[in-house]
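For reference, input_2.cif (mmCIF, C-alpha atoms):
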```cif
data_structure
#
loop_
_atom_site.label_atom_id
_atom_site.label_comp_id
_atom_site.auth_asym_id
_atom_site.auth_seq_id
_atom_site.Cartn_x
_atom_site.Cartn_y
_atom_site.Cartn_z
CA MET A 1034 27.61 10.41 -4.76
CA VAL A 1035 24.96 8.11 -6.23
CA TRP A 1036 25.05 5.95 -3.12
CA VAL A 1037 24.72 8.96 -0.85
CA GLY A 1038 21.58 9.83 -2.82
CA ILE A 1039 20.28 6.29 -2.43
CA VAL A 1040 20.93 6.39 1.32
CA VAL A 1041 19.09 9.70 1.60
CA GLY A 1042 16.25 8.35 -0.56
CA CYS A 1043 15.87 5.32 1.69
CA LEU A 1044 15.76 7.54 4.77
CA VAL A 1045 13.15 9.79 3.15
CA LEU A 1046 11.00 6.76 2.37
CA ALA A 1047 11.52 5.48 5.92
CA VAL A 1048 10.17 8.72 7.36
CA ALA A 1049 7.46 9.28 4.74
CA GLY A 1050 5.29 6.34 5.83
CA PRO A 1051 4.81 7.36 9.47
CA VAL A 1052 4.44 11.02 8.49
CA ALA A 1053 1.70 10.14 5.97
CA MET A 1054 -0.04 7.95 8.54
CA VAL A 1055 -0.01 10.59 11.23
CA ARG A 1056 -1.21 13.24 8.80
CA GLU A 1057 -4.06 11.07 7.48
CA ASN A 1058 -5.16 10.05 10.97
CA ARG A 1059 -5.03 13.52 12.50
CA PRO A 1060 -8.30 13.80 14.44
CA ALA A 1061 -8.94 17.45 13.61
CA GLY A 1062 -8.81 16.94 9.85
CA ARG A 1063 -10.99 13.88 9.84
CA ALA A 1064 -13.51 15.33 12.25
CA ALA A 1065 -13.84 18.41 10.11
CA ALA A 1066 -14.33 16.46 6.92
CA ALA A 1067 -17.28 14.37 8.07
CA PRO A 1068 -19.67 17.10 9.26
CA ALA A 1069 -18.92 19.19 6.17
CA GLY A 1070 -20.20 16.44 3.91
CA ALA A 1071 -23.16 15.70 6.13
CA ALA A 1072 -24.21 19.31 6.24
CA ALA A 1073 -24.00 19.70 2.50
CA GLY A 1074 -26.40 16.86 1.88
CA ALA A 1075 -28.61 16.84 4.94
CA ALA A 1076 -31.46 14.99 3.21
CA ALA A 1077 -29.37 12.77 0.96
CA PRO A 1078 -28.83 9.14 1.90
CA VAL A 1079 -25.18 8.66 2.82
CA VAL A 1080 -22.90 5.77 2.03
CA SER A 1081 -19.71 6.04 4.04
CA MET A 1082 -16.38 4.51 3.18
CA GLU A 1083 -14.59 3.52 6.35
CA ASN A 1084 -12.24 0.73 7.41
CA ILE A 1085 -12.04 -0.47 3.80
CA ALA A 1086 -15.78 -1.03 3.52
CA PHE A 1087 -18.92 0.67 2.24
CA ALA A 1088 -21.59 1.21 4.86
CA PRO A 1089 -24.35 0.33 4.39
CA GLU A 1090 -23.53 -2.47 1.99
CA THR A 1091 -27.10 -2.40 0.70
CA LEU A 1092 -29.02 0.83 0.36
CA THR A 1093 -32.57 1.14 -0.94
CA VAL A 1094 -33.68 4.46 -2.40
CA ARG A 1095 -36.40 5.86 -4.67
CA PRO A 1096 -35.44 6.40 -8.33
CA GLY A 1097 -33.91 9.83 -8.84
CA THR A 1098 -32.52 10.04 -5.31
CA GLU A 1099 -29.17 11.72 -4.88
CA VAL A 1100 -26.83 9.55 -2.82
CA LEU A 1101 -23.81 11.01 -1.08
CA PHE A 1102 -20.68 8.86 -0.84
CA GLU A 1103 -18.33 10.08 1.90
CA ASN A 1104 -14.78 8.87 2.26
CA ARG A 1105 -14.15 8.78 6.01
CA ASP A 1106 -11.23 6.41 5.59
CA VAL A 1107 -7.48 7.00 5.61
CA ALA A 1108 -7.26 5.49 2.12
CA PRO A 1109 -8.53 6.78 -1.22
CA HIS A 1110 -11.47 4.93 -2.74
CA THR A 1111 -13.64 4.87 -5.84
CA VAL A 1112 -17.32 4.21 -6.49
CA THR A 1113 -17.33 2.20 -9.67
CA ALA A 1114 -20.15 0.34 -11.38
CA GLU A 1115 -18.62 -0.77 -14.64
CA ALA A 1116 -21.83 -2.34 -15.94
CA SER A 1117 -23.57 1.01 -15.60
CA GLY A 1118 -20.61 3.08 -16.80
CA ILE A 1119 -20.34 4.88 -13.47
CA ASP A 1120 -16.95 5.81 -12.08
CA SER A 1121 -16.37 8.45 -9.43
CA GLY A 1122 -12.62 8.57 -10.02
CA THR A 1123 -10.45 8.69 -6.93
CA ILE A 1124 -12.23 9.98 -3.83
CA ASN A 1125 -9.52 11.03 -1.42
CA PRO A 1126 -9.95 10.86 2.39
CA GLY A 1127 -12.33 13.56 3.61
CA LYS A 1128 -13.84 14.04 0.14
CA SER A 1129 -17.25 12.98 -1.14
CA PHE A 1130 -19.04 12.07 -4.34
CA ARG A 1131 -22.70 12.57 -5.28
CA LEU A 1132 -24.67 10.36 -7.59
CA VAL A 1133 -28.29 10.52 -8.74
CA VAL A 1134 -29.50 6.94 -8.79
CA ASN A 1135 -31.96 5.95 -11.49
CA GLN A 1136 -31.15 2.25 -11.73
CA PRO A 1137 -30.05 -0.52 -9.36
CA LEU A 1138 -26.29 -0.48 -8.89
CA ASP A 1139 -23.69 -3.06 -7.94
CA TYR A 1140 -20.53 -1.12 -7.28
CA ILE A 1141 -17.02 -1.63 -5.96
CA CYS A 1142 -13.92 0.34 -5.07
CA THR A 1143 -11.42 -0.45 -7.79
CA ILE A 1144 -8.50 0.39 -5.48
CA HIS A 1145 -9.78 -2.10 -2.88
CA PRO A 1146 -11.85 -4.62 -4.86
CA SER A 1147 -12.98 -6.41 -1.70
CA MET A 1148 -15.20 -3.35 -1.07
CA LYS A 1149 -18.54 -4.23 -2.67
CA ALA A 1150 -21.99 -2.79 -2.15
CA LYS A 1151 -25.27 -2.27 -3.94
CA ILE A 1152 -28.08 0.22 -4.25
CA LEU A 1153 -31.62 -1.08 -4.82
CA LEU A 1154 -34.62 0.89 -6.01
CA SER A 1155 -37.90 1.01 -4.16
CA GLY A 1156 -41.34 1.81 -5.48
CA MET B 201 -1.50 15.30 -8.27
CA ASP B 202 -3.74 12.26 -7.90
CA VAL B 203 -0.96 9.66 -7.66
CA ILE B 204 -3.21 6.84 -6.51
CA GLY B 205 -5.75 7.51 -9.26
CA LEU B 206 -2.94 7.48 -11.82
CA LEU B 207 -1.47 4.24 -10.45
CA ASN B 208 -4.92 2.67 -10.26
CA ASP B 209 -5.52 3.55 -13.91
CA LEU B 210 -2.09 2.25 -14.94
CA THR B 211 -2.79 -1.08 -13.23
CA GLY B 212 -6.21 -1.44 -14.82
CA ASN B 213 -8.05 -0.75 -11.55
CA ASN B 214 -6.01 -3.46 -9.83
CA LEU B 215 -3.57 -1.39 -7.79
CA LEU B 216 -3.93 -3.39 -4.58
CA LEU B 217 -3.44 -6.68 -6.43
CA TRP B 218 -0.25 -5.33 -8.02
CA LYS B 219 0.99 -4.18 -4.62
CA VAL B 220 0.37 -7.69 -3.32
CA VAL B 221 2.28 -9.17 -6.27
CA GLY B 222 5.11 -6.67 -5.73
CA SER B 223 5.34 -7.35 -1.99
CA THR B 224 5.38 -11.08 -2.55
CA ALA B 225 8.08 -10.73 -5.22
CA VAL B 226 10.24 -8.62 -2.88
CA PHE B 227 9.77 -11.11 -0.03
CA CYS B 228 10.81 -14.01 -2.30
CA LEU B 229 13.77 -12.07 -3.70
CA ALA B 230 14.87 -11.20 -0.15
CA GLY B 231 14.87 -14.92 0.67
CA LEU B 232 16.91 -15.60 -2.46
CA GLN B 233 19.30 -12.84 -1.42
CA VAL B 234 19.93 -14.57 1.92
CA LEU B 235 20.68 -17.84 0.09
CA LEU B 236 23.00 -16.15 -2.43
CA ALA B 237 24.80 -14.27 0.34
CA ALA B 238 25.26 -17.48 2.31
CA ARG B 239 26.68 -19.08 -0.83
CA LEU B 240 29.12 -16.28 -1.62
CA TRP B 241 30.28 -16.21 2.00
CA GLY B 242 30.87 -19.97 1.74
CA ALA B 243 28.39 -20.78 4.50
CA THR B 244 26.47 -23.18 2.26
CA SER B 245 26.83 -25.02 -1.05
CA PHE B 246 23.29 -24.15 -2.10
CA PRO B 247 22.42 -22.76 -4.60
CA PRO B 248 24.89 -24.85 -6.64
CA VAL B 249 26.70 -21.97 -8.39
CA GLY B 250 30.18 -20.53 -8.09
CA THR B 251 30.83 -17.79 -5.56
CA GLY B 252 31.50 -15.29 -8.37
CA THR B 253 28.16 -16.07 -9.97
CA ALA B 254 26.47 -15.88 -6.57
CA ALA B 255 28.01 -12.45 -5.96
CA ARG B 256 26.88 -11.10 -9.33
CA ALA B 257 23.40 -12.58 -8.92
CA HIS B 258 23.21 -11.14 -5.39
CA ARG B 259 23.92 -7.69 -6.76
CA VAL B 260 21.39 -7.91 -9.60
CA VAL B 261 18.65 -9.50 -7.51
CA GLY B 262 19.24 -6.90 -4.79
CA ARG B 263 18.77 -4.03 -7.19
CA VAL B 264 15.61 -5.53 -8.67
CA ALA B 265 14.22 -6.13 -5.18
CA LEU B 266 15.06 -2.58 -4.12
CA LEU B 267 13.41 -1.11 -7.21
CA VAL B 268 10.19 -3.09 -6.68
CA ALA B 269 10.23 -2.31 -2.94
CA VAL B 270 10.51 1.42 -3.66
CA LEU B 271 7.63 1.27 -6.16
CA VAL B 272 5.40 -0.51 -3.66
CA ALA B 273 6.47 1.82 -0.84
CA VAL B 274 5.70 4.93 -2.89
CA SER B 275 2.21 3.64 -3.68
CA CYS B 276 1.72 2.88 0.04
CA VAL B 277 2.83 6.34 1.13
CA ALA B 278 0.78 8.07 -1.58
CA GLY B 279 -2.41 6.27 -0.54
CA PRO B 280 -2.36 4.06 2.53
CA ALA B 281 -4.35 0.88 1.90
CA GLY B 282 -5.48 0.43 5.51
CA PRO B 283 -6.71 0.14 8.05
CA THR B 284 -8.60 -3.10 8.32
CA SER B 285 -7.26 -3.17 11.85
CA PRO B 286 -5.21 -0.45 13.53
CA THR B 287 -2.60 -2.87 14.92
CA ARG B 288 -1.90 -4.33 11.50
CA VAL B 289 -1.46 -0.89 9.97
CA LEU B 290 0.76 0.24 12.82
CA LEU B 291 2.98 -2.84 12.53
CA HIS B 292 3.06 -2.52 8.74
CA SER B 293 4.20 1.08 9.03
CA VAL B 294 6.86 0.16 11.60
CA PHE B 295 8.21 -2.64 9.38
CA GLY B 296 8.10 -0.37 6.33
CA THR B 297 10.09 2.30 8.12
CA LEU B 298 12.52 -0.24 9.52
CA VAL B 299 13.27 -1.80 6.15
CA PHE B 300 14.36 1.52 4.63
CA VAL B 301 16.35 2.44 7.74
CA ILE B 302 18.21 -0.88 7.47
CA LEU B 303 18.74 -0.40 3.74
CA ALA B 304 20.06 3.12 4.35
CA ALA B 305 22.41 1.78 7.04
CA LYS B 306 23.61 -0.99 4.73
CA PHE B 307 24.35 1.31 1.80
CA ALA B 308 25.93 3.91 4.07
CA LEU B 309 28.24 1.32 5.62
CA LEU B 310 29.14 -0.54 2.43
CA ARG B 311 29.16 2.12 -0.24
CA VAL B 312 29.76 5.43 1.51
CA LEU B 313 31.88 4.59 4.59
CA ARG B 314 33.26 1.38 3.05
CA ARG B 315 33.39 -0.59 6.28
CA GLY B 316 31.27 -3.00 8.34
CA ASP B 317 31.59 -6.11 6.16
CA ASP B 318 31.32 -8.28 9.26
CA LEU B 319 27.86 -6.83 9.92
CA LEU B 320 26.49 -7.90 6.54
CA PRO B 321 25.07 -11.28 7.62
CA TRP B 322 23.17 -9.57 10.43
CA ILE B 323 21.97 -6.76 8.21
CA GLY B 324 20.87 -9.20 5.50
CA THR B 325 19.01 -11.38 7.96
CA ALA B 326 17.36 -8.34 9.53
CA LEU B 327 16.28 -7.17 6.08
CA PHE B 328 14.77 -10.53 5.21
CA LEU B 329 12.89 -10.73 8.52
CA THR B 330 11.62 -7.17 8.11
CA PHE B 331 10.41 -7.90 4.58
CA ALA B 332 8.69 -10.97 6.05
CA GLY B 333 7.00 -8.68 8.57
CA ILE B 334 5.85 -6.35 5.81
CA TRP B 335 4.54 -9.29 3.81
CA ALA B 336 2.70 -10.78 6.78
CA THR B 337 1.03 -7.48 7.69
CA SER B 338 -0.12 -6.74 4.15
CA VAL B 339 -0.35 -9.66 1.75
CA ALA B 340 -1.43 -12.22 4.34
CA ASP B 341 -4.13 -9.78 5.45
CA TYR B 342 -5.19 -9.21 1.83
CA VAL B 343 -5.51 -12.94 1.21
CA THR B 344 -7.33 -13.76 4.43
CA ALA B 345 -9.72 -10.84 3.91
CA ARG B 346 -10.94 -12.43 0.68
#
```
Mind turning this structure into structure tokens?
Amino acid sequence: MVWVGIVVGCLVLAVAGPVAMVRENRPAGRAAAAPAGAAAGAAAPVVSMENIAFAPETLTVRPGTEVLFENRDVAPHTVTAEASGIDSGTINPGKSFRLVVNQPLDYICTIHPSMKAKILLSG
Amino acid sequence: MDVIGLLNDLTGNNLLLWKVVGSTAVFCLAGLQVLLAARLWGATSFPPVGTGTAARAHRVVGRVALLVAVLVAVSCVAGPAGPTSPTRVLLHSVFGTLVFVILAAKFALLRVLRRGDDLLPWIGTALFLTFAGIWATSVADYVTAR
């Protein structure tokens, strides 16, 4: 009985990967997510998370500017600047995070540490 | 539930690194499994242990490898780490699916139906090669992306 359960578990895991991939990459869901975020913060500078990278990698804004971080990827990400004590928590695909920037920031995604970017202040 | 956030916290914000370590461990254990199986089938004299010891080690190592593989797979399904290129992600997903299909077939044959012993060398080799495929499409990409 235990081994039947293990066989079933293996088959569930075998199917779960492709199902998750198809669900995450479904064009309708992703297309809907991006405009929603853009509309909400029409004037806010946007940093997108896509293909395991922040874009732009360097953003310059005035102090006090609200920056919108949009996750347009299939993977969850974070916006974390440990030195400044800033951590968005997990931003799932299609979700966004807003941050009022009052100081220069070097930030990363702690789930994908190769994702690095910075925000500079002008003026 | 935010599974990825929880796992990321548990790994001290180093989830991807731990997945890389886990995948590499499973790949190495799969290689060891092939060697142990070859030893217990009498196809080789390496590693230099008795066939009984090789059989017991094969069982223990297999269970450890399966446990680690399941942990890594769950974290992959809960929050896909790609894509850095669509082909890599596609291949990774295919290999990931294949490995659990082969494992299911192996356990079904051996433990549920209790037949198919003569297929074991082929199944074991297929498993090792599939784990190699998973490793190459994830860890190798992680390392070269650095």
Computed interatomic separation between CA of Val294 in chain B and CA of Leu267 in chain B (Å)
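We find that CA of Val294 in chain B and CA of Leu267 in chain B lie 20.0 Å from each other.
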Taking the file as shown, find all residues satisfying the PyMOL selection byres ((chain A) within 8 of (chain B)) and write them as a list in words.
Trp1036, Val1037, Ile1039, Val1040, Val1041, Cys1043, Leu1044, Leu1046, Ala1047, Val1048, Ala1049, Gly1050, Pro1051, Ala1053, Met1054, Asn1084, Ile1085, Val1107, Ala1108, Pro1109, Gly1122, Thr1123, Thr1143, Ile1144, His1145, Pro1146 and Ser1147 of chain A
Residues of the last selection are to be written out with C-alpha atoms, as a JSON list (two decimals), in the coordinates of the input.
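Here's the written file part.json:
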```json
[["chain", "number", "residue", "atom", "x", "y", "z"],
["A", 1036, "TRP", "CA", 25.05, 5.95, -3.12],
["A", 1037, "VAL", "CA", 24.72, 8.96, -0.85],
["A", 1039, "ILE", "CA", 20.28, 6.29, -2.43],
["A", 1040, "VAL", "CA", 20.93, 6.39, 1.32],
["A", 1041, "VAL", "CA", 19.09, 9.70, 1.60],
["A", 1043, "CYS", "CA", 15.87, 5.32, 1.69],
["A", 1044, "LEU", "CA", 15.76, 7.54, 4.77],
["A", 1046, "LEU", "CA", 11.00, 6.76, 2.37],
["A", 1047, "ALA", "CA", 11.52, 5.48, 5.92],
["A", 1048, "VAL", "CA", 10.17, 8.72, 7.36],
["A", 1049, "ALA", "CA", 7.46, 9.28, 4.74],
["A", 1050, "GLY", "CA", 5.29, 6.34, 5.83],
["A", 1051, "PRO", "CA", 4.81, 7.36, 9.47],
["A", 1053, "ALA", "CA", 1.70, 10.14, 5.97],
["A", 1054, "MET", "CA", -0.04, 7.95, 8.54],
["A", 1084, "ASN", "CA", -12.24, 0.73, 7.41],
["A", 1085, "ILE", "CA", -12.04, -0.47, 3.80],
["A", 1107, "VAL", "CA", -7.48, 7.00, 5.61],
["A", 1108, "ALA", "CA", -7.26, 5.49, 2.12],
["A", 1109, "PRO", "CA", -8.53, 6.78, -1.22],
["A", 1122, "GLY", "CA", -12.62, 8.57, -10.02],
["A", 1123, "THR", "CA", -10.45, 8.69, -6.93],
["A", 1143, "THR", "CA", -11.42, -0.45, -7.79],
["A", 1144, "ILE", "CA", -8.50, 0.39, -5.48],
["A", 1145, "HIS", "CA", -9.78, -2.10, -2.88],
["A", 1146, "PRO", "CA", -11.85, -4.62, -4.86],
["A", 1147, "SER", "CA", -12.98, -6.41, -1.70]]
```
Smallest atom-to-atom distance to Asp1120 in chain A: which of A:Lys1149, A:Val1133, A:Cys1142, A:Pro1078, using only C-alpha atoms?
A:Cys1142
Distance in Å - CA of Ser1155 in chain A versus CA of Tyr1140 in chain A:
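Between these atoms lies a distance of 17.8 Å.
In this comparison, which uses only C-alpha atoms, the residue of A:Glu1083, A:Glu1099, A:Glu1115, A:Asp1139 approaching Leu1153 in chain A most closely is A:Asp1139.
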Long-range neighbours of Phe1102 in chain A as an mmCIF file with C-alpha atoms, in the frame of the given file, 7 Å cut-off, all atoms listed in the file, 4 positions minimum in chain:
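Wrote part_13.cif, looks like this:
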```
data_model
loop_
_atom_site.group_PDB
_atom_site.id
_atom_site.type_symbol
_atom_site.label_atom_id
_atom_site.label_comp_id
_atom_site.auth_asym_id
_atom_site.auth_seq_id
_atom_site.Cartn_x
_atom_site.Cartn_y
_atom_site.Cartn_z
ATOM 1 C CA VAL A 1079 -25.180 8.660 2.820
ATOM 2 C CA VAL A 1080 -22.900 5.770 2.030
ATOM 3 C CA SER A 1081 -19.710 6.040 4.040
ATOM 4 C CA SER A 1129 -17.250 12.980 -1.140
ATOM 5 C CA PHE A 1130 -19.040 12.070 -4.340
ATOM 6 C CA ARG A 1131 -22.700 12.570 -5.280
#
```
Result set, the PyMOL selection byres ((chain A and resi 1138) around 9) on current file, as an MDAnalysis selection string:
chainID A and resid 1114 1116:1117 1134:1137 1139:1140 1150:1154
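CA of Arg1105 in chain A to CA of Ile334 in chain B spans 25.1 Å [interatomic distance, one decimal].
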Would you pick out the contacts of range 219-224 of chain B at 7 Å or less, using all atoms listed in the file, so that residues sharing its chain but fewer than 3 positions from it are not included, and give the list as a PyMOL selection string?
chain B and resi 215-216+227-228+268+272+335+339
Per-axis box centre and lengths in Å around range 1095-1114 of chain A, 3 Å margin per side, axis-aligned, as JSON:
```
{"center_x": -21.8, "center_y": 6.0, "center_z": -2.7, "size_x": 35.1, "size_y": 17.4, "size_z": 23.4}
```
Do you know which residues are at most 10 Å from Gly242 in chain B counting all atoms listed in the file, after dropping those on the same chain fewer than 6 positions away, and could you put them as a PyMOL selection string?
chain B and resi 236+250-251
For the file shown, what are the residues hit by the PyMOL selection byres ((chain B and resi 324) around 12), laid out as an MDAnalysis selection string?
chainID B and resid 229:238 258 262 299 302:303 305:307 317:323 325:331
